[in-house]
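Here's entry_23.cif, which has mmCIF, C-alpha atoms:
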```cif
data_coords
#
loop_
_atom_site.label_atom_id
_atom_site.label_comp_id
_atom_site.auth_asym_id
_atom_site.auth_seq_id
_atom_site.Cartn_x
_atom_site.Cartn_y
_atom_site.Cartn_z
CA MET A 111 134.38 -66.87 -78.96
CA LEU A 112 131.68 -64.34 -78.17
CA PRO A 113 128.01 -65.22 -78.17
CA ALA A 114 125.91 -63.65 -80.94
CA SER A 115 123.95 -61.68 -78.38
CA ILE A 116 123.34 -61.67 -74.67
CA ASP A 117 120.39 -63.53 -73.25
CA PRO A 118 117.11 -61.67 -72.67
CA GLY A 119 117.32 -62.07 -68.89
CA PHE A 120 120.67 -60.31 -68.70
CA SER A 121 119.42 -57.67 -71.15
CA ALA A 122 116.53 -56.98 -68.80
CA ILE A 123 118.92 -56.66 -65.84
CA ILE A 124 121.09 -54.23 -67.81
CA ALA A 125 118.05 -52.20 -68.84
CA ALA A 126 116.96 -52.02 -65.18
CA LEU A 127 120.48 -50.94 -64.15
CA LEU A 128 120.53 -48.26 -66.84
CA SER A 129 117.21 -46.98 -65.49
CA GLY A 130 118.81 -46.97 -62.02
CA GLY A 131 121.67 -44.89 -63.44
CA ILE A 132 119.21 -42.36 -64.82
CA ILE A 133 117.43 -42.19 -61.44
CA ALA A 134 120.82 -41.72 -59.69
CA ALA A 135 121.64 -38.91 -62.13
CA TRP A 136 118.30 -37.20 -61.44
CA SER A 137 118.80 -37.60 -57.69
CA ALA A 138 122.29 -36.08 -57.99
CA TYR A 139 120.83 -33.18 -59.97
CA ARG A 140 118.29 -32.49 -57.24
CA ARG A 141 120.71 -32.84 -54.31
CA THR A 142 123.71 -30.89 -55.57
CA PRO A 143 124.10 -27.57 -53.78
CA VAL A 144 124.58 -24.59 -56.06
CA GLU A 145 126.16 -21.27 -55.19
CA ILE A 146 123.91 -18.37 -56.22
CA GLU A 147 126.88 -16.68 -57.90
CA ALA A 148 127.38 -19.76 -60.10
CA MET A 149 123.76 -20.09 -61.21
CA SER A 150 122.66 -19.37 -64.75
CA VAL A 151 119.58 -17.23 -65.42
CA THR A 152 117.51 -20.35 -66.17
CA THR A 153 118.53 -22.00 -62.89
CA LEU A 154 117.89 -18.78 -60.97
CA ARG A 155 114.39 -18.56 -62.45
CA GLY A 156 113.80 -22.19 -61.44
CA VAL A 157 114.97 -21.53 -57.90
CA ILE A 158 112.77 -18.42 -57.67
CA GLU A 159 109.80 -20.47 -58.89
CA GLU A 160 110.53 -23.21 -56.33
CA LEU A 161 110.76 -20.61 -53.55
CA ARG A 162 107.51 -19.02 -54.73
CA VAL A 163 105.71 -22.38 -54.59
CA GLU A 164 107.18 -23.03 -51.12
CA LEU A 165 106.08 -19.57 -49.99
CA ASP A 166 102.52 -20.15 -51.30
CA ARG A 167 102.40 -23.48 -49.47
CA LYS A 168 103.54 -21.89 -46.22
CA ASP A 169 101.06 -19.06 -46.77
CA GLU A 170 98.23 -21.59 -47.03
CA GLN A 171 99.46 -23.36 -43.89
CA LEU A 172 99.52 -20.03 -42.02
CA ALA A 173 96.01 -19.18 -43.25
CA GLU A 174 94.76 -22.56 -41.99
CA GLN A 175 96.48 -22.06 -38.63
CA ASN A 176 94.99 -18.55 -38.42
CA ARG A 177 91.52 -19.95 -39.11
CA VAL A 178 91.90 -22.57 -36.31
CA ILE A 179 93.22 -19.92 -33.90
CA GLY A 180 90.33 -17.62 -34.84
CA GLU A 181 87.81 -20.38 -34.10
CA GLN A 182 89.42 -21.15 -30.76
CA ASN A 183 89.52 -17.45 -29.94
CA ALA A 184 85.81 -17.12 -30.71
CA ARG A 185 85.01 -20.09 -28.47
CA ILE A 186 87.11 -18.64 -25.64
CA GLN A 187 85.40 -15.27 -26.10
CA ALA A 188 81.97 -16.91 -25.94
CA LEU A 189 82.98 -18.78 -22.78
CA ILE A 190 84.26 -15.57 -21.17
CA GLU A 191 80.98 -13.79 -22.00
CA ARG A 192 79.01 -16.67 -20.56
CA VAL A 193 81.08 -16.60 -17.35
CA ASP A 194 80.55 -12.82 -17.12
CA ARG A 195 76.81 -13.21 -17.50
CA LEU A 196 76.76 -16.03 -14.94
CA GLU A 197 78.69 -13.91 -12.49
CA SER A 198 76.43 -10.90 -13.00
CA GLY A 199 73.36 -13.08 -12.50
CA LYS A 200 71.82 -12.38 -15.85
CA ILE A 201 71.46 -16.12 -16.53
CA ASP A 202 71.18 -19.13 -14.24
CA MET B 197 151.07 -7.49 -66.56
CA HIS B 198 151.33 -11.13 -65.57
CA LEU B 199 149.08 -13.49 -63.65
CA VAL B 200 150.24 -14.98 -60.36
CA ARG B 201 148.83 -18.45 -59.80
CA SER B 202 149.11 -20.45 -56.60
CA HIS B 203 149.42 -24.24 -56.44
CA THR B 204 145.67 -24.52 -55.75
CA GLN B 205 144.82 -22.40 -58.77
CA ARG B 206 147.12 -24.42 -61.02
CA THR B 207 145.59 -27.70 -59.75
CA TYR B 208 142.09 -26.33 -60.28
CA ILE B 209 142.83 -25.19 -63.83
CA ALA B 210 144.68 -28.42 -64.74
CA SER B 211 142.01 -30.75 -63.34
CA HIS B 212 139.26 -28.87 -65.15
CA ALA B 213 141.24 -28.89 -68.39
CA VAL B 214 141.81 -32.67 -68.16
CA LEU B 215 138.15 -33.24 -67.35
CA PHE B 216 137.10 -30.98 -70.21
CA TRP B 217 139.20 -32.79 -72.83
CA LEU B 218 138.15 -36.23 -71.54
CA CYS B 219 134.52 -35.18 -71.96
CA VAL B 220 135.23 -33.77 -75.43
CA GLY B 221 136.81 -37.11 -76.43
CA LEU B 222 133.94 -39.12 -75.03
CA PHE B 223 131.39 -36.87 -76.69
CA VAL B 224 133.09 -37.07 -80.10
CA ALA B 225 133.46 -40.85 -79.81
CA GLY B 226 129.85 -41.35 -78.70
CA ALA B 227 128.35 -38.94 -81.22
CA SER B 228 130.37 -40.31 -84.16
CA SER B 229 129.43 -43.91 -83.34
CA LEU B 230 125.80 -42.79 -83.14
CA ILE B 231 125.81 -40.75 -86.36
CA PHE B 232 128.18 -42.93 -88.42
CA PRO B 233 127.74 -46.45 -87.00
CA ASP B 234 129.22 -48.12 -90.10
CA SER B 235 132.31 -45.88 -90.31
CA VAL B 236 133.41 -46.32 -86.69
CA GLN B 237 135.22 -49.52 -85.85
CA GLN B 238 133.50 -51.16 -82.91
CA SER B 239 134.89 -53.78 -80.56
CA SER B 240 133.74 -57.39 -80.89
CA THR B 241 132.19 -57.14 -77.44
CA SER B 242 130.23 -54.07 -78.49
CA LEU B 243 129.08 -55.80 -81.65
CA ALA B 244 127.82 -58.75 -79.60
CA LEU B 245 125.44 -56.50 -77.72
CA PRO B 246 121.84 -56.26 -78.93
CA GLU B 247 121.20 -53.25 -81.16
CA TRP B 248 118.97 -51.45 -78.64
CA LEU B 249 121.50 -51.92 -75.87
CA ARG B 250 124.42 -50.70 -77.98
CA ILE B 251 122.47 -47.59 -78.97
CA GLY B 252 121.42 -47.14 -75.34
CA PHE B 253 125.06 -47.10 -74.21
CA GLN B 254 126.07 -44.74 -77.02
CA VAL B 255 123.22 -42.36 -76.17
CA SER B 256 124.04 -42.42 -72.45
CA TYR B 257 127.76 -41.78 -73.10
CA THR B 258 127.08 -38.98 -75.61
CA LEU B 259 124.40 -37.39 -73.44
CA GLY B 260 126.53 -37.73 -70.29
CA ALA B 261 129.58 -36.18 -71.97
CA ALA B 262 127.49 -33.34 -73.43
CA MET B 263 125.91 -32.65 -70.03
CA ALA B 264 129.31 -32.72 -68.30
CA LEU B 265 130.70 -30.28 -70.88
CA TYR B 266 127.69 -28.00 -70.44
CA GLY B 267 128.13 -28.10 -66.66
CA LEU B 268 131.84 -27.40 -66.87
CA ILE B 269 131.50 -24.55 -69.36
CA ARG B 270 128.46 -22.86 -67.79
CA GLY B 271 129.45 -23.56 -64.19
CA GLU B 272 126.35 -25.68 -63.54
CA ALA B 273 127.34 -28.07 -60.75
CA ARG B 274 123.96 -29.83 -60.79
CA VAL B 275 124.17 -30.69 -64.47
CA GLU B 276 127.72 -31.98 -64.15
CA ALA B 277 126.84 -34.03 -61.05
CA ALA B 278 123.97 -35.69 -62.94
CA ALA B 279 126.27 -36.29 -65.92
CA GLN B 280 128.98 -37.89 -63.78
CA MET B 281 126.50 -40.23 -62.10
CA LEU B 282 125.07 -41.18 -65.49
CA LEU B 283 128.51 -41.77 -66.99
CA GLY B 284 129.74 -43.70 -63.93
CA SER B 285 126.77 -46.04 -63.90
CA SER B 286 127.01 -46.50 -67.69
CA PHE B 287 130.69 -47.47 -67.43
CA LEU B 288 129.92 -49.96 -64.65
CA ILE B 289 127.04 -51.53 -66.58
CA ASP B 290 129.20 -51.62 -69.71
CA TYR B 291 131.85 -53.52 -67.74
CA ALA B 292 129.22 -55.96 -66.47
CA ALA B 293 128.09 -56.58 -70.05
CA ILE B 294 131.69 -57.08 -71.23
CA VAL B 295 132.46 -59.57 -68.46
CA HIS B 296 129.20 -61.38 -69.16
CA LEU B 297 130.03 -61.66 -72.87
CA ALA B 298 133.77 -62.29 -72.57
CA PRO B 299 134.78 -63.45 -69.08
CA ASP B 300 138.48 -63.49 -70.11
CA ALA B 301 138.37 -59.73 -70.71
CA TRP B 302 137.76 -58.86 -67.05
CA ILE B 303 141.32 -57.58 -66.50
CA ALA B 304 141.34 -55.49 -69.69
CA GLY B 305 137.96 -54.11 -68.70
CA LEU B 306 139.25 -52.84 -65.36
CA PHE B 307 140.19 -49.63 -67.19
CA ILE B 308 136.47 -49.02 -67.61
CA VAL B 309 135.96 -49.66 -63.89
CA SER B 310 138.60 -47.04 -63.05
CA LEU B 311 136.75 -44.57 -65.30
CA ALA B 312 133.48 -45.48 -63.56
CA ILE B 313 135.02 -44.97 -60.10
CA GLY B 314 136.43 -41.62 -61.21
CA CYS B 315 133.07 -40.45 -62.53
CA LEU B 316 131.14 -41.64 -59.47
CA ARG B 317 133.67 -40.06 -57.08
CA ARG B 318 133.42 -36.75 -58.92
CA GLY B 319 129.60 -37.05 -58.90
CA VAL B 320 129.48 -37.74 -55.15
CA PHE B 321 131.93 -34.87 -54.53
CA LEU B 322 129.68 -32.48 -56.47
CA VAL B 323 126.54 -33.72 -54.68
CA ARG B 324 128.21 -33.06 -51.31
CA ARG B 325 130.04 -29.82 -52.02
CA GLY B 326 128.85 -28.33 -55.31
CA TYR B 327 131.43 -26.47 -57.33
CA PRO B 328 134.23 -25.24 -55.11
CA PRO B 329 134.69 -21.49 -55.36
CA ARG B 330 136.90 -20.63 -58.31
CA PRO B 331 140.27 -19.48 -56.99
CA THR B 332 140.82 -15.83 -57.77
CA ILE B 333 143.87 -15.07 -59.86
CA GLU B 334 145.88 -12.09 -58.80
CA LYS B 335 146.90 -9.65 -61.54
CA ARG B 336 150.19 -7.82 -61.17
CA ASP B 337 151.65 -5.12 -63.34
#
```

As structure tokens:
Amino acid sequence: MLPASIDPGFSAIIAALLSGGIIAAWSAYRRTPVEIEAMSVTTLRGVIEELRVELDRKDEQLAEQNRVIGEQNARIQALIERVDRLESGKID
Amino acid sequence: MHLVRSHTQRTYIASHAVLFWLCVGLFVAGASSLIFPDSVQQSSTSLALPEWLRIGFQVSYTLGAAMALYGLIRGEARVEAAAQMLLGSSFLIDYAAIVHLAPDAWIAGLFIVSLAIGCLRRGVFLVRRGYPPRPTIEKRD
């Protein structure tokens, strides 16, 4: 004889497991490798967009690294000039 | 002109055909039980489930089958991988619910477990490898 319905606790566990299944499905979607030849136009556009975002991010990182290098270069240049002036006796 | 198919090509075509028709069956069953709930005969175990849970299972089966069909037809490995993981987990949870409601039905329900294992294995395979390259079929005059 079957019960009229399952208890709320078990229902909650099943709901949580179903949510886990959806998360597993999403994770599988993200992790599955796709051959370029097998991609649809929509997927290709998505991949291009992802690559564009990644490129922008790397561009920003490079700009930041360039700024830091530029600052360090300016400091080194100032130190070299100071050493030159010290050596030539222009300053004490 | 006739097509020359190797053993690999035949296996590839046969496995995809079986998978395709299984998904069609699951989609039709899920969609009809969703659209015509009173016309489709449901098992006593299914009827013992709360309404929201029964609809949840029907939606996940229908959606999973539709996604798997879309992936198979359009060659979208990512969509099919997601569908197989969704279907596999739904089958497993369905089995857990069945055993919880009717502990004597655990042997009969093992069929559902085999379906779940099949779906999850296919999902893991797709996550690791993606779609294998389609074997080219040689044409001879």

> For chain B, which residues have at least one atom within 10 Å of chain A, if we go by all atoms listed in the file? Write them as a ChimeraX atom specification, please.
Replying inline: /B:240-249,252-253,256,260,270-286,288-290,292-293,296-299,319-330

Mind dumping the selected residues with C-alpha atoms as a PDB file, in the frame of the given file?
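Writing the result to part_32.pdb gives the following:
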```pdb
ATOM      1  CA  SER B 240     133.740 -57.390 -80.890  1.00  0.00           C
ATOM      2  CA  THR B 241     132.190 -57.140 -77.440  1.00  0.00           C
ATOM      3  CA  SER B 242     130.230 -54.070 -78.490  1.00  0.00           C
ATOM      4  CA  LEU B 243     129.080 -55.800 -81.650  1.00  0.00           C
ATOM      5  CA  ALA B 244     127.820 -58.750 -79.600  1.00  0.00           C
ATOM      6  CA  LEU B 245     125.440 -56.500 -77.720  1.00  0.00           C
ATOM      7  CA  PRO B 246     121.840 -56.260 -78.930  1.00  0.00           C
ATOM      8  CA  GLU B 247     121.200 -53.250 -81.160  1.00  0.00           C
ATOM      9  CA  TRP B 248     118.970 -51.450 -78.640  1.00  0.00           C
ATOM     10  CA  LEU B 249     121.500 -51.920 -75.870  1.00  0.00           C
ATOM     11  CA  GLY B 252     121.420 -47.140 -75.340  1.00  0.00           C
ATOM     12  CA  PHE B 253     125.060 -47.100 -74.210  1.00  0.00           C
ATOM     13  CA  SER B 256     124.040 -42.420 -72.450  1.00  0.00           C
ATOM     14  CA  GLY B 260     126.530 -37.730 -70.290  1.00  0.00           C
ATOM     15  CA  ARG B 270     128.460 -22.860 -67.790  1.00  0.00           C
ATOM     16  CA  GLY B 271     129.450 -23.560 -64.190  1.00  0.00           C
ATOM     17  CA  GLU B 272     126.350 -25.680 -63.540  1.00  0.00           C
ATOM     18  CA  ALA B 273     127.340 -28.070 -60.750  1.00  0.00           C
ATOM     19  CA  ARG B 274     123.960 -29.830 -60.790  1.00  0.00           C
ATOM     20  CA  VAL B 275     124.170 -30.690 -64.470  1.00  0.00           C
ATOM     21  CA  GLU B 276     127.720 -31.980 -64.150  1.00  0.00           C
ATOM     22  CA  ALA B 277     126.840 -34.030 -61.050  1.00  0.00           C
ATOM     23  CA  ALA B 278     123.970 -35.690 -62.940  1.00  0.00           C
ATOM     24  CA  ALA B 279     126.270 -36.290 -65.920  1.00  0.00           C
ATOM     25  CA  GLN B 280     128.980 -37.890 -63.780  1.00  0.00           C
ATOM     26  CA  MET B 281     126.500 -40.230 -62.100  1.00  0.00           C
ATOM     27  CA  LEU B 282     125.070 -41.180 -65.490  1.00  0.00           C
ATOM     28  CA  LEU B 283     128.510 -41.770 -66.990  1.00  0.00           C
ATOM     29  CA  GLY B 284     129.740 -43.700 -63.930  1.00  0.00           C
ATOM     30  CA  SER B 285     126.770 -46.040 -63.900  1.00  0.00           C
ATOM     31  CA  SER B 286     127.010 -46.500 -67.690  1.00  0.00           C
ATOM     32  CA  LEU B 288     129.920 -49.960 -64.650  1.00  0.00           C
ATOM     33  CA  ILE B 289     127.040 -51.530 -66.580  1.00  0.00           C
ATOM     34  CA  ASP B 290     129.200 -51.620 -69.710  1.00  0.00           C
ATOM     35  CA  ALA B 292     129.220 -55.960 -66.470  1.00  0.00           C
ATOM     36  CA  ALA B 293     128.090 -56.580 -70.050  1.00  0.00           C
ATOM     37  CA  HIS B 296     129.200 -61.380 -69.160  1.00  0.00           C
ATOM     38  CA  LEU B 297     130.030 -61.660 -72.870  1.00  0.00           C
ATOM     39  CA  ALA B 298     133.770 -62.290 -72.570  1.00  0.00           C
ATOM     40  CA  PRO B 299     134.780 -63.450 -69.080  1.00  0.00           C
ATOM     41  CA  GLY B 319     129.600 -37.050 -58.900  1.00  0.00           C
ATOM     42  CA  VAL B 320     129.480 -37.740 -55.150  1.00  0.00           C
ATOM     43  CA  PHE B 321     131.930 -34.870 -54.530  1.00  0.00           C
ATOM     44  CA  LEU B 322     129.680 -32.480 -56.470  1.00  0.00           C
ATOM     45  CA  VAL B 323     126.540 -33.720 -54.680  1.00  0.00           C
ATOM     46  CA  ARG B 324     128.210 -33.060 -51.310  1.00  0.00           C
ATOM     47  CA  ARG B 325     130.040 -29.820 -52.020  1.00  0.00           C
ATOM     48  CA  GLY B 326     128.850 -28.330 -55.310  1.00  0.00           C
ATOM     49  CA  TYR B 327     131.430 -26.470 -57.330  1.00  0.00           C
ATOM     50  CA  PRO B 328     134.230 -25.240 -55.110  1.00  0.00           C
ATOM     51  CA  PRO B 329     134.690 -21.490 -55.360  1.00  0.00           C
ATOM     52  CA  ARG B 330     136.900 -20.630 -58.310  1.00  0.00           C
TER      53      ARG B 330
END
```

> When you draw a straight line from atom CA of Phe307 of chain B to atom CA of Met263 of chain B, how long is it in Å?
Replying inline: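 Atom CA of Met263 of chain B lies 22.4 Å from atom CA of Phe307 of chain B.
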
> So what do you get for atom CA of Val220 of chain B versus atom CA of Leu265 of chain B, distance-wise?
Replying inline: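 Computing it gives 7.3 Å between the two atoms.
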
Please expand the PyMOL selection byres ((chain B and resi 223) around 9) into the concrete residues it hits in this file, giving the result as a short mmCIF file (atom, residue, chain, number, x, y, z; two decimals) with C-alpha atoms, in the coordinates of the input.
```
data_model
loop_
_atom_site.label_atom_id
_atom_site.label_comp_id
_atom_site.auth_asym_id
_atom_site.auth_seq_id
_atom_site.Cartn_x
_atom_site.Cartn_y
_atom_site.Cartn_z
CA LEU B 218 138.15 -36.23 -71.54
CA CYS B 219 134.52 -35.18 -71.96
CA VAL B 220 135.23 -33.77 -75.43
CA GLY B 221 136.81 -37.11 -76.43
CA LEU B 222 133.94 -39.12 -75.03
CA VAL B 224 133.09 -37.07 -80.10
CA ALA B 225 133.46 -40.85 -79.81
CA GLY B 226 129.85 -41.35 -78.70
CA ALA B 227 128.35 -38.94 -81.22
CA SER B 228 130.37 -40.31 -84.16
CA TYR B 257 127.76 -41.78 -73.10
CA THR B 258 127.08 -38.98 -75.61
CA LEU B 259 124.40 -37.39 -73.44
CA GLY B 260 126.53 -37.73 -70.29
CA ALA B 261 129.58 -36.18 -71.97
CA ALA B 262 127.49 -33.34 -73.43
CA LEU B 265 130.70 -30.28 -70.88
#
```

> So what do you get for atom CA of Thr207 of chain B versus atom CA of Val309 of chain B, distance-wise?
Replying inline: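 Taking atom CA of Thr207 of chain B as the start and atom CA of Val309 of chain B as the end point, the length is 24.3 Å.
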
Would you compute an axis-aligned box for segment 321-328 of chain B, covering every atom listed for it in the file with 8 Å of margin on each side, and report centre and edge lengths in Å to one decimal as lines of an AutoDock Vina configuration file?
```
center_x = 130.4
center_y = -30.1
center_z = -54.3
size_x = 23.7
size_y = 25.6
size_z = 22.0
```
